[in-house]
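A.B. asks: To start, I am sharing the structure in question, which I have written as structure tokens.
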Amino acid sequence: MTIGQESAQSADATTDLQRRLRRDLDGDVRFDDYTRHLFSRDASMYAITPRGVVFPRHADDVAAAVAAAREFGVPIVPRGAGTSLAGQTVGPGLVLDLSRHMHRILEVDPEARTARVEAGVVQDDLNRAAAPHGLMFGPNTSTSNRATIGGMVGNNSAGSGSVRYGMTIDHVRALDVVLADAHRTGFAPIGEAERARRAALPGLEGDVHRALPGIVADNAEAIATRFPDFWRRACGYRLDRLADGTPFDLAKFVVGAEGTLVVATEALVDLVPRPRHTVIAVGHFASTPEAIAATEDALSCDPAGVELMDRTILDLSRRRIEYAFLGSILQGDPGALLFVTFSGDDGGELRADLKRLTALWKSNGHGYHALEAATPEQQKALLKVRTSSLGLLMAAGSGTRRPLAFVEDTAVDPKHLVEYTRRFKDVLDRHGMEAGFYGHCSVGCLHIRPFVDLAVPGEAERMRAVAAEIKDLVTEYGGVNSSEHGDGLARSEFNREIFGEELYGAMQQVKRLFDPDGTMNPGKIVDAPPMTGNLRDAAPVEPRPFQTRLSFEVVGGMRGAADRCMNIGLCRKSASGAMCPSYIATRDEEHATRGRANALVKALSEPDPRAALGDERLHEILDLCLMCKACKSECPLGVDMAKLKSEAQSHHHDAHGVPLRSRVFGSVRLLYRLGSATAPLSNLPNRLPLLRRLVEKAVGITARRPMPTFTRTHLVRWFRRRRTAARPAPLGPLTFLADSFTTYTEPGIGRAAIELLERAGWDVRLESRGCCGRSSLSKGLVDEAKAKAGALVGLLSETAPGSPVVGCEPSCVLALKDECSSMLPGDHRVDEVSGRVRQVEELLTEAIDAGRLRLREDSWPAGRRILLHGHCHQKAEVGTAATVALLKRIPGAQVVELDAGCCGMAGSFGFEAEHYDMSMRVGSDRLFPAVEAEDDATVIVATGVSCRQQIAHGTRREAMHPVELVLQAT
């Protein structure tokens with residue numbers, strides 16, 4: 001048979017497999033190149049393109065997929081959030097994404113302290129369901145906002161609280177599984193009679209129950225002597241759990257098996273009491289060794305966890321708005337921090353424990369300061385940075401030089417940690433490798449990630465040499481090579497040496513027993529390829545000549561900007577922050593920032609990247625990006641999908657032309673100016689449903705959403721006509737940016753801001769002659785946006801040079817700080833203007849504090865609530881602290897800031913007919929319920945025009961701009 005004939009035969013088999021899967025499954029089936037590329041990666045250093053991807057809706061779908069794959073000889077790769085660090089969830093077969101549809105919490109039983117969940121349930125979602133009963137799931141991973149219970153079962157995950165709560169294996173009571181022969185069954189502790197009954201069953205279930213006890217008995221001595229002594233293990237098959245004299249329990253046995261034996265579809269797990277109180281001590285140390293040396297004192301105080309963070313991660317956190325708060329509360333310049341957590345039901349006792357620890361550190365000369373965080377508000381920022389250590393460390397890479405997870409999961413008894421860490425660093429130094437250090441000192445587990453550039457010849461071999469030395473070092477100390485992240489492709493190669501021939505041979509027997517055809521996630525735990533195979537960056541794509549319209553100042557240009565994504569999956573979180581709105585609504589990988597970034601990497605790796613950016617499948621993947629920019633701040637690696645999408649859209653327009661609607665929305669300033677000039681006639685569509693339906697049919701602007709209301713007396717007209725008494729302006733000139741929305745549809749906001757600024761001592765000058773270009777940029781009209789931005793920057797650079805530039809619409813004002821620099825690289829005027837941009841809230845707060853602007857003490861009923869929803873661009877670029885501070889200056893006001901994500905409007909997105917439903921789904925996730933839960937006395941405040949429109953449409957509540965409230969209070 002020729003190569004061409006083999007290829008054709010393989011293609012026919014793939015087509016037949018797709019047809020079979022689509023016939024037998026209720027869930028989605030995708031075999032297109034983009035989906036396959038998206039699922040070729042997880043958070044590890046590996047990449048393997050699968051045959052296809054299915055999204056099962058229930059356990060019967062899983063069984064049908066396993067049956068089809070077995071018939072066609074295709075491996076099965078179960079996958080949850082795809083955050084595995086050792087390569088467990090990549091493989092050449094059929095990927096089962098259990099996270100998209102199989103995420104139901106079936107039961108929470110507070111009396112039994114158990115929960116039954118589907119495999120795709122996210123850990124934080126389970127904890128929210130259990131919280132009303134005072135319960136939680138014990139293992140506390142740093143990825144709890146996206147890690148699935150099925151993934152935790154597959155990895156035997158642990159986390160920061162494992163010193164108290166152990167590992168996932170300690171909390172699994174029963175599992176529903178699909179065996180390699182597609183048979184569905186349940187695993188739980190059973191007695192000998194039940195085991196014998198099952199041993200008589202036909203098929204794999206009978207084979208397993210019949211033969212497995214013999215494997216355990218035949219290898220009893222090896223099981224007793226060759227498993228690592230240290231308890232915190234996520235490596236190999238847990239034969240020790242079948243040899244400990246407890247009832248025969250296959251549920252616990254397959255925990256940590258990484259999908260190589262069964263596919264778990266449901267789990268019955270134990271819940272533990274949720275501590276009522278938590279306090280944290282943050283010890284400051286001059287160096288990492290000094291911090292580790294203080295661990296013994298910390299452990300003597302019986303903490304719930306002891307976590308290390310070194311200077312590398314601290315410095316990275318200071319550069320990010322999302323994590324900058326930590327730097328503001330630290331003392332001096334620590335080389336490392338220890339986060340020591342105490343939790344329980346007696347707050348006084350916990351605070352005493354904290355005082356005892358700080359006194360012990362002081363008496364023993366450990367560290368130079370200990371920060372005490374006793375309230376949830378104090379702890380929130382601390383925990384946010386600690387749980388983001390991995391992502392922050394990944395951000396330190398450049399191009400293909402990345403901190404890689406190949407020796408980052410070892411653990412030794414904490415009593416050996418100081419000496420072990422010193423020798424670990426000696427190995428790295430000898431091989432010329434740098435690394436960042438963080439992890440769980442309380443259980444001797446440090447996550448140490450050396451920086452490696454796999455694109456450099458010989459680096460893969462050097463990496464393996466270090467891995468081999470560390471494997472021997474951890475064995476010397478009686479530790480484990482993988483303590484919570486599993487074997488996968490990174491560590492399985494060493495299991496024969498670690499466990500010895502007899503025990504490893506027993507594990508091979510287990511694999512053949514459960515998976516006689518070798519289709520269940522092969523190549524992990526036993527019979528693994530070399531750890532240096534299938535490396536993501538081992539054969540980097542040669543850069544293609546490709547001119548972008550926007551500036552991407554990273555190694556590798558636009559492709560490098562997309563390839564910064566290391567798949568840690570923070571964009572898959574669903575209950576905090578704003579990233580990523582359309583993923584939250586769909587739970588579809590391709591609608592997460594990670595999915596879009598990987599899709600762009602594929603397109604930009606093609607021989608003709610410009611043509612690839614015009615691909616309709618790529619456009620479909622990018623389409624639901626709301627360009628909220630949350631990824632720019634919330635993604636620890638700073639993947640800026642809004643910018644990437646604008647550039648990609650421009651090339652799609654090159655290939656297919658610019659749609660009429662894009663031209664309309666890109667010209668929003670002209671559109672709004674005409675609307676104001678023809679008001680009230682321009683407001684008729686809101687009262688004439690037929691006219692709205694005609695507009696929807698002709699342009700694609702939905703008839704279901706109210707249009708903006710234009711006003712004849714717009715801001716510019718008011719500013720020119722008003723007659724005001726001459727006021728001194730001791731602070732000098734200030735330029736107020738008259739954006740399209742504040743000018744033509746909400747001039748009252750602009751008037752309020754200008755009046756307040758003038759009272760505060762500024763000589764306000766209105767700039768209404770230009771547009772920032774943001775609306776054009778959002779539709780991919782980059783050349784048009786650049787022309788507009790250049791003209792506005794020119795005007796502002798000539799208007800009162802050096803004076804502040806402010807405005808009331810965050811997306812417009814902040815475009816001067818962000819988008820203009822990438823649209824107009826090298827233009828010195830951009831830096832000058834950007835440096836002058838201030839938030840109006842900042843200036844007004846300064847004026848109030850200086851006494852230049854006075855608010856009436858009786859202006860606000862004491863305790864009346866102000867509910868604030870910040871604009872996504874504001875949160876991404878500068879944060880909302882200035883807005884919160886201004887609102888808190890109103891006497892008697894109780895300010896509550898929502899963590900409600902993106903409103904879902906996103907400028908023109910919510911007006912587009914095909915996106916209307918998605919827009920409302922995003923708003924309905926957290927924002928609408930939060931607003932509707934407030935009583936009528938609460939004042940709703942939103943800084944963005946889109947947010948105010950969405951709140952009004954979705955909740956029938958009016959939202960105000962902060963300056964309107966402040967003016968009322970004067």
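Chain lettering (A, B, ...) mirrors the order of the structure tokens, residue numbering begins at 1 for each chain separately, and ligand numbering begins at 1 in order of display.
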Any chance you could list, as an MDAnalysis selection string, the residues in segment 596-733 of chain A that come up alpha helix (DSSP H) when DSSP is run on the backbone?
C.D. replies: chainID A and resid 596:604 609:612 616:623 630:634 641:656 660:666 668:677 689:699 715:721
A.B. asks: Excluding same-chain residues fewer than 4 positions from segment 846-857 of chain A, what lies within 6 Å of it counting only C-alpha atoms, as a list in words?
C.D. replies: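 Selected residues are Ala760, Pro891, Ala969 and Thr970 of chain A.
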A.B. asks: Counting only C-alpha atoms, what are the residues of segment 464-575 of chain A within 8 Å of segment 174-183 of chain A, and for each of them which pair of atoms is the nearest and at what distance in Å, to one decimal? Sort the table by chain and rising number, as JSON lines.
C.D. replies:
```
{"residue": "A:Phe514", "atom": "CA", "partner": "A:Ala180", "partner_atom": "CA", "distance": 6.9}
{"residue": "A:Asp515", "atom": "CA", "partner": "A:Ala180", "partner_atom": "CA", "distance": 5.7}
{"residue": "A:Thr519", "atom": "CA", "partner": "A:Ala180", "partner_atom": "CA", "distance": 7.4}
{"residue": "A:Met520", "atom": "CA", "partner": "A:Ala180", "partner_atom": "CA", "distance": 6.7}
```
A.B. asks: Could you save the residues just selected, with N, CA and C atoms, as a compact mmCIF listing (two decimals), in the first residue's frame?
C.D. replies:
```txt
# COMPACT_ATOMS: atom_id res chain seq x y z
N PHE A 514 -7.11 -3.59 33.02
CA PHE A 514 -8.19 -2.61 32.84
C PHE A 514 -8.34 -2.19 31.37
N ASP A 515 -7.25 -2.23 30.62
CA ASP A 515 -7.23 -1.65 29.27
C ASP A 515 -6.49 -2.57 28.31
N THR A 519 -6.24 1.58 24.83
CA THR A 519 -6.87 2.78 24.27
C THR A 519 -7.16 3.87 25.31
N MET A 520 -6.98 3.57 26.57
CA MET A 520 -7.34 4.54 27.61
C MET A 520 -6.13 5.42 27.94
```
A.B. asks: Can you tell me, as number ranges by chain, what residues are no more than 8 Å from Gln894 of chain A when counting only C-alpha atoms, ignoring any on the same chain fewer than 2 positions away?
C.D. replies: A: 862-866, 888, 892, 896
A.B. asks: Compile the contact shell of segment 247-257 of chain A as a ChimeraX atom specification: residues with an atom at most 6 Å away, counting only C-alpha atoms, same-chain residues fewer than 2 positions apart removed.
C.D. replies: /A:153-156,169,174-175,187-191,238,259-260
A.B. asks: Of the candidates A:Asp297, A:Ile313, A:Leu338, A:Gly500, which one gets nearest to Thr225 of chain A if we count only C-alpha atoms?
C.D. replies: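 Smallest distance to Thr225 of chain A is found for A:Gly500.
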A.B. asks: Neighbouring residues of segment 681-683 of chain A were defined as those with any atom within 8 Å, considering only C-alpha atoms; residues of the same chain fewer than 3 positions away were excluded. Please report them as a list in words.
C.D. replies: Gly675, Ser676, Thr678, Asn686, Arg687, Met707, Pro708, Thr709 and Phe710 of chain A
A.B. asks: At most 10 Å is the cut-off: for each residue in segment 93-168 of chain A with any atom that close to an atom of segment 435-458 of chain A, write down the nearest atom pair and the distance in Å rounded to one decimal, counting only C-alpha atoms, chain first then increasing number, as CSV.
C.D. replies:
```
residue,atom,partner,partner_atom,distance
A:Gly159,CA,A:His440,CA,7.7
A:Ser160,CA,A:His440,CA,6.0
A:Gly161,CA,A:Ser442,CA,8.7
A:Ser162,CA,A:Val443,CA,7.4
A:Val163,CA,A:Val443,CA,6.0
A:Arg164,CA,A:Ser442,CA,9.7
A:Gly166,CA,A:Val443,CA,9.9
```
A.B. asks: Write the residues you've just listed into a file as a PDB file, in the first residue's frame, and include C-alpha atoms for each of them.
C.D. replies:
```pdb
ATOM      1  CA  GLY A 159      -3.563  21.947  47.389  1.00  0.00           C
ATOM      2  CA  SER A 160      -2.710  24.385  50.135  1.00  0.00           C
ATOM      3  CA  GLY A 161      -4.794  22.719  52.861  1.00  0.00           C
ATOM      4  CA  SER A 162      -3.545  19.190  52.424  1.00  0.00           C
ATOM      5  CA  VAL A 163      -1.689  19.210  55.750  1.00  0.00           C
ATOM      6  CA  ARG A 164      -5.162  19.182  57.312  1.00  0.00           C
ATOM      7  CA  GLY A 166      -5.197  15.321  52.766  1.00  0.00           C
TER       8      GLY A 166
END
```
A.B. asks: Which residue is closest to Glu497 of chain A? Choose from A:Pro706, A:Pro804, A:Gly344, A:Gly236 and count only C-alpha atoms.
C.D. replies: A:Gly236
A.B. asks: Ranking A:Cys772, A:Leu393, A:Leu867, A:Leu795 by minimum distance to Leu814 of chain A and counting only C-alpha atoms, which one comes first?
C.D. replies: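 For Leu814 of chain A, the nearest of the given residues is A:Cys772.
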A.B. asks: Between atom CA of Gly802 of chain A and atom CA of Ser834 of chain A, what is the distance, to one decimal in Å?
C.D. replies: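 Computed distance, atom CA of Gly802 of chain A to atom CA of Ser834 of chain A, equals 10.5 Å.
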A.B. asks: How many Å separate atom CA of Lys788 of chain A from atom CA of Asp827 of chain A?
C.D. replies: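 The value is 14.1 Å.
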A.B. asks: For segment 90-185 of chain A against segment 12-28 of chain A, with a cut-off of 12 Å and counting only C-alpha atoms, what is the closest atom pair and its distance in Å to one decimal for every residue that makes the cut, ordered by chain and number, as CSV?
C.D. replies:
```
residue,atom,partner,partner_atom,distance
A:Gly93,CA,A:Thr14,CA,10.9
A:Leu94,CA,A:Leu17,CA,10.0
A:Val95,CA,A:Asp28,CA,11.9
A:Leu96,CA,A:Asp28,CA,10.4
A:Asp97,CA,A:Asp28,CA,9.9
A:Leu98,CA,A:Gly27,CA,10.4
A:Ser99,CA,A:Gly27,CA,12.0
A:Arg100,CA,A:Gly27,CA,9.7
A:His101,CA,A:Gly27,CA,8.2
A:Met102,CA,A:Gly27,CA,10.2
```
A.B. asks: Please write the residues from the selection above to a file, keeping N, CA and C atoms, as an mmCIF file, in the first residue's frame.
C.D. replies:
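Done, and the output landed in selection.cif:
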```cif
data_model
loop_
_atom_site.group_PDB
_atom_site.id
_atom_site.type_symbol
_atom_site.label_atom_id
_atom_site.label_comp_id
_atom_site.auth_asym_id
_atom_site.auth_seq_id
_atom_site.Cartn_x
_atom_site.Cartn_y
_atom_site.Cartn_z
ATOM 1 N N GLY A 93 -5.636 10.726 20.413
ATOM 2 C CA GLY A 93 -6.915 10.064 20.155
ATOM 3 C C GLY A 93 -8.102 10.992 20.152
ATOM 4 N N LEU A 94 -9.162 10.526 20.792
ATOM 5 C CA LEU A 94 -10.426 11.246 20.865
ATOM 6 C C LEU A 94 -10.516 11.906 22.241
ATOM 7 N N VAL A 95 -10.519 13.228 22.270
ATOM 8 C CA VAL A 95 -10.623 13.953 23.532
ATOM 9 C C VAL A 95 -12.085 14.023 23.960
ATOM 10 N N LEU A 96 -12.348 13.688 25.221
ATOM 11 C CA LEU A 96 -13.681 13.829 25.804
ATOM 12 C C LEU A 96 -13.661 15.033 26.732
ATOM 13 N N ASP A 97 -14.257 16.139 26.306
ATOM 14 C CA ASP A 97 -14.343 17.328 27.155
ATOM 15 C C ASP A 97 -15.541 17.176 28.081
ATOM 16 N N LEU A 98 -15.273 16.758 29.306
ATOM 17 C CA LEU A 98 -16.335 16.488 30.269
ATOM 18 C C LEU A 98 -16.779 17.742 31.015
ATOM 19 N N SER A 99 -16.151 18.878 30.723
ATOM 20 C CA SER A 99 -16.431 20.087 31.492
ATOM 21 C C SER A 99 -17.573 20.908 30.923
ATOM 22 N N ARG A 100 -17.854 20.787 29.623
ATOM 23 C CA ARG A 100 -18.787 21.716 29.000
ATOM 24 C C ARG A 100 -20.243 21.462 29.419
ATOM 25 N N HIS A 101 -20.663 20.213 29.379
ATOM 26 C CA HIS A 101 -22.064 19.891 29.666
ATOM 27 C C HIS A 101 -22.261 19.113 30.967
ATOM 28 N N MET A 102 -21.277 18.329 31.364
ATOM 29 C CA MET A 102 -21.457 17.436 32.504
ATOM 30 C C MET A 102 -20.996 18.116 33.789
#
```
A.B. asks: Please identify all polymer residues within 9 Å of Glu832 of chain A, counting only C-alpha atoms, omitting same-chain residues fewer than 4 positions from it, and present them as JSON, numbers by chain.
C.D. replies: {"A": [797, 801, 802, 828, 836]}
A.B. asks: Measuring atom to atom with only C-alpha atoms, identify which of A:Glu809, A:Glu476, A:Asp537, A:Asp818 is nearest to Ala47 of chain A.
C.D. replies: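 For Ala47 of chain A, the nearest of the given residues is A:Asp537.
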A.B. asks: Using only C-alpha atoms, which of A:Ala59, A:Leu843, A:Leu535, A:Ala293 sits nearest Gly367 of chain A?
C.D. replies: A:Ala293
A.B. asks: Taking 4 positions as the minimum chain separation for residues in the same chain, which residues sit within 9 Å of Ala599 of chain A when counting only C-alpha atoms? Answer as a compact mmCIF listing (two decimals) with N, CA and C atoms, in the first residue's frame.
C.D. replies:
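Result went into out_14.txt, see below:
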```
# COMPACT_ATOMS: atom_id res chain seq x y z
N TYR A 34 -9.27 23.59 13.67
CA TYR A 34 -9.13 24.55 14.77
C TYR A 34 -9.45 23.92 16.11
N THR A 35 -10.54 23.16 16.19
CA THR A 35 -10.86 22.51 17.46
C THR A 35 -9.77 21.53 17.86
N HIS A 37 -6.67 21.70 17.17
CA HIS A 37 -5.52 22.46 17.66
C HIS A 37 -5.76 22.98 19.08
N LEU A 38 -6.97 23.47 19.34
CA LEU A 38 -7.28 24.00 20.67
C LEU A 38 -7.10 22.94 21.74
N ALA A 562 -0.05 36.15 20.96
CA ALA A 562 -1.04 35.10 21.18
C ALA A 562 -0.42 33.89 21.88
N GLU A 590 -13.57 27.20 22.95
CA GLU A 590 -13.16 28.14 21.90
C GLU A 590 -13.60 29.57 22.22
N ARG A 594 -8.17 31.57 26.25
CA ARG A 594 -7.21 30.52 25.90
C ARG A 594 -7.52 29.92 24.54
N GLY A 595 -8.80 29.63 24.28
CA GLY A 595 -9.18 29.04 23.01
C GLY A 595 -8.89 29.99 21.85
N ALA A 603 -3.47 30.02 13.21
CA ALA A 603 -3.58 30.82 11.98
C ALA A 603 -2.26 31.49 11.63
N LEU A 604 -1.59 32.01 12.64
CA LEU A 604 -0.35 32.75 12.40
C LEU A 604 0.85 31.84 12.21
N LEU A 618 -11.98 30.69 11.90
CA LEU A 618 -11.29 31.54 12.87
C LEU A 618 -12.18 32.72 13.26
N ILE A 621 -14.66 31.74 15.80
CA ILE A 621 -14.08 31.59 17.13
C ILE A 621 -13.89 32.95 17.80
N LEU A 622 -13.47 33.94 17.03
CA LEU A 622 -13.23 35.27 17.58
C LEU A 622 -14.51 36.07 17.77
```
A.B. asks: In Å, how far is it from atom CA of Ser667 of chain A to atom CA of Arg721 of chain A?
C.D. replies: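 Computing it gives 26.9 Å between the two atoms.
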A.B. asks: Under the rule that only C-alpha atoms are counted, which of A:Val945, A:Ala885, A:Met136, A:Val830 is the nearest residue to Pro810 of chain A?
C.D. replies: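 That would be A:Val945, the residue with the smallest distance to Pro810 of chain A.
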